[in-house]
Amino acid sequence: IGDGIIGQFAAQAASARGWRVLLAGHHARRLKCAQKAVPAILISDADAGSLREKARQILGCLPDAVIDSVGSPSSLALAQAILPAYGHLVVLGWWAGKQMLDVHAAFGTEATVHFPAGLTPVRLAATLDLMRRGAIVVRPLVTHTFAGADFPKACRLLEQRGSDYLGIAIDWRV
């Protein structure tokens, strides 16, 4: 759940490791970027009907794991609603302020909750290896490129809530 840059990379990493991936989000342009980057990634609008039933239809079953890269109360609740018994909930990202997780829902399904940070040398090396082999790609996720002199303009774009940017590259040579 989440079509931002963290959700995109999580979807690519899961796909590269052999999982069937359904990426759910709210931005059609970002979801198209996901399929351009890795055509095997399936996409869905997170707002259209019950995502639990959509996942069952698209994947043929409920997912064994749900990755939430949004971290809002509603996305965490949605992630837990999709998860079947004994599933794995992965909470990914970093947000300002407190985040709330309904532990009663986790107890009810005996879910395992993971909070990966990827900070170990082994995990970082594994991710870099996936990038080196082309299993995780960056270029299709870059929606805006700015010259170094336009860095303040790039920062203003990042501050705009609801903007349809995904990846922003700064070309410091110009």
# chains A, B, ... in the order shown; residues from 1 in each chain; ligands from 1
>>> select_by_dssp(residues="chain A", states="helix (DSSP H, G or I)", output="number ranges by chain")
A: 5-16, 28-37, 51-59, 73-82, 103-109, 121-132, 139-141, 148-159
>>> closest_atom_pairs(of="region 26-128 of chain A", to="region 137-142 of chain A", cutoff="7 Å", atoms="only C-alpha atoms", output="JSON lines")
{"residue": "A:Cys33", "atom": "CA", "partner": "A:Leu141", "partner_atom": "CA", "distance": 5.8}
{"residue": "A:Lys36", "atom": "CA", "partner": "A:Pro140", "partner_atom": "CA", "distance": 6.4}
{"residue": "A:Ala37", "atom": "CA", "partner": "A:Pro140", "partner_atom": "CA", "distance": 5.3}
>>> closest_residue(among="A:Ala65, A:Val174, A:Ala105, A:Ile1", to="Thr145 (chain A)", atoms="only C-alpha atoms")
A:Val174
>>> select_by_dssp(residues="region 16-152 of chain A", states="strand (DSSP E or B)", output="PyMOL selection string")
chain A and resi 22-25+42-45+65-68+88-91+112-114+142-147
>>> atom_distance(atom1="CA of Glu53 (chain A)", atom2="CA of Val70 (chain A)")
20.3 Å
>>> closest_residue(among="A:Leu22, A:Gln99, A:His88, A:Arg161", to="Gln57 (chain A)", atoms="only C-alpha atoms")
A:Leu22
>>> residues_around(residues="Gly87 (chain A)", least_positions_apart="6", cutoff="10 Å", atoms="only C-alpha atoms", output="PyMOL selection string")
chain A and resi 62-66+80+106+109-113
>>> residues_around(residues="Leu59 (chain A)", least_positions_apart="6", cutoff="9 Å", atoms="only C-alpha atoms", output="MDAnalysis selection string")
chainID A and resid 20:22 42
>>> write_last_selection(atoms="C-alpha atoms", output="compact mmCIF listing (two decimals), in the first residue's frame")
# COMPACT_ATOMS: atom_id res chain seq x y z
CA ARG A 20 3.61 -11.65 -6.93
CA VAL A 21 3.05 -7.99 -6.14
CA LEU A 22 -0.09 -5.86 -6.16
CA LEU A 42 0.13 -5.53 -10.74
>>> residues_around(residues="region 24-27 of chain A", least_positions_apart="4", cutoff="8 Å", atoms="only C-alpha atoms", output="count of residues only")
10
>>> closest_residue(among="A:Cys61, A:Ala34, A:Leu158, A:Ala77", to="His104 (chain A)", atoms="only C-alpha atoms")
A:Ala77
>>> residues_around(residues="Trp95 (chain A)", least_positions_apart="3", cutoff="12 Å", atoms="only C-alpha atoms", output="list of chain:residue names")
A:Ile6, A:Ser69, A:Val70, A:Gly71, A:Ser72, A:Pro73, A:Val91, A:Leu92, A:Lys98, A:Gln99, A:Met100
>>> write_last_selection(atoms="N, CA and C atoms", output="mmCIF file, in the first residue's frame")
data_model
loop_
_atom_site.group_PDB
_atom_site.id
_atom_site.type_symbol
_atom_site.label_atom_id
_atom_site.label_comp_id
_atom_site.auth_asym_id
_atom_site.auth_seq_id
_atom_site.Cartn_x
_atom_site.Cartn_y
_atom_site.Cartn_z
ATOM 1 N N ILE A 6 9.004 5.120 -1.681
ATOM 2 C CA ILE A 6 9.302 3.997 -0.782
ATOM 3 C C ILE A 6 8.441 2.792 -1.139
ATOM 4 N N SER A 69 3.534 1.460 3.202
ATOM 5 C CA SER A 69 4.563 2.499 3.132
ATOM 6 C C SER A 69 3.962 3.896 3.301
ATOM 7 N N VAL A 70 2.683 3.957 3.676
ATOM 8 C CA VAL A 70 2.015 5.244 3.876
ATOM 9 C C VAL A 70 2.087 5.651 5.345
ATOM 10 N N GLY A 71 1.694 4.744 6.228
ATOM 11 C CA GLY A 71 1.804 4.993 7.660
ATOM 12 C C GLY A 71 0.714 5.833 8.270
ATOM 13 N N SER A 72 -0.349 6.073 7.538
ATOM 14 C CA SER A 72 -1.464 6.818 8.121
ATOM 15 C C SER A 72 -2.348 5.845 8.892
ATOM 16 N N PRO A 73 -3.158 6.350 9.816
ATOM 17 C CA PRO A 73 -4.072 5.445 10.515
ATOM 18 C C PRO A 73 -4.962 4.652 9.545
ATOM 19 N N VAL A 91 5.664 -2.693 8.103
ATOM 20 C CA VAL A 91 5.473 -1.244 8.242
ATOM 21 C C VAL A 91 6.788 -0.602 7.814
ATOM 22 N N LEU A 92 6.724 0.180 6.731
ATOM 23 C CA LEU A 92 7.929 0.671 6.081
ATOM 24 C C LEU A 92 7.854 2.173 5.884
ATOM 25 N N LYS A 98 3.490 10.589 15.765
ATOM 26 C CA LYS A 98 3.233 9.219 16.211
ATOM 27 C C LYS A 98 2.415 8.458 15.180
ATOM 28 N N GLN A 99 2.643 7.167 15.130
ATOM 29 C CA GLN A 99 1.868 6.267 14.281
ATOM 30 C C GLN A 99 1.145 5.284 15.184
ATOM 31 N N MET A 100 -0.037 4.888 14.757
ATOM 32 C CA MET A 100 -0.839 3.994 15.594
ATOM 33 C C MET A 100 -1.086 2.686 14.846
#
>>> residues_around(residues="Ala16 (chain A)", least_positions_apart="3", cutoff="7 Å", atoms="only C-alpha atoms", output="count of residues only")
3
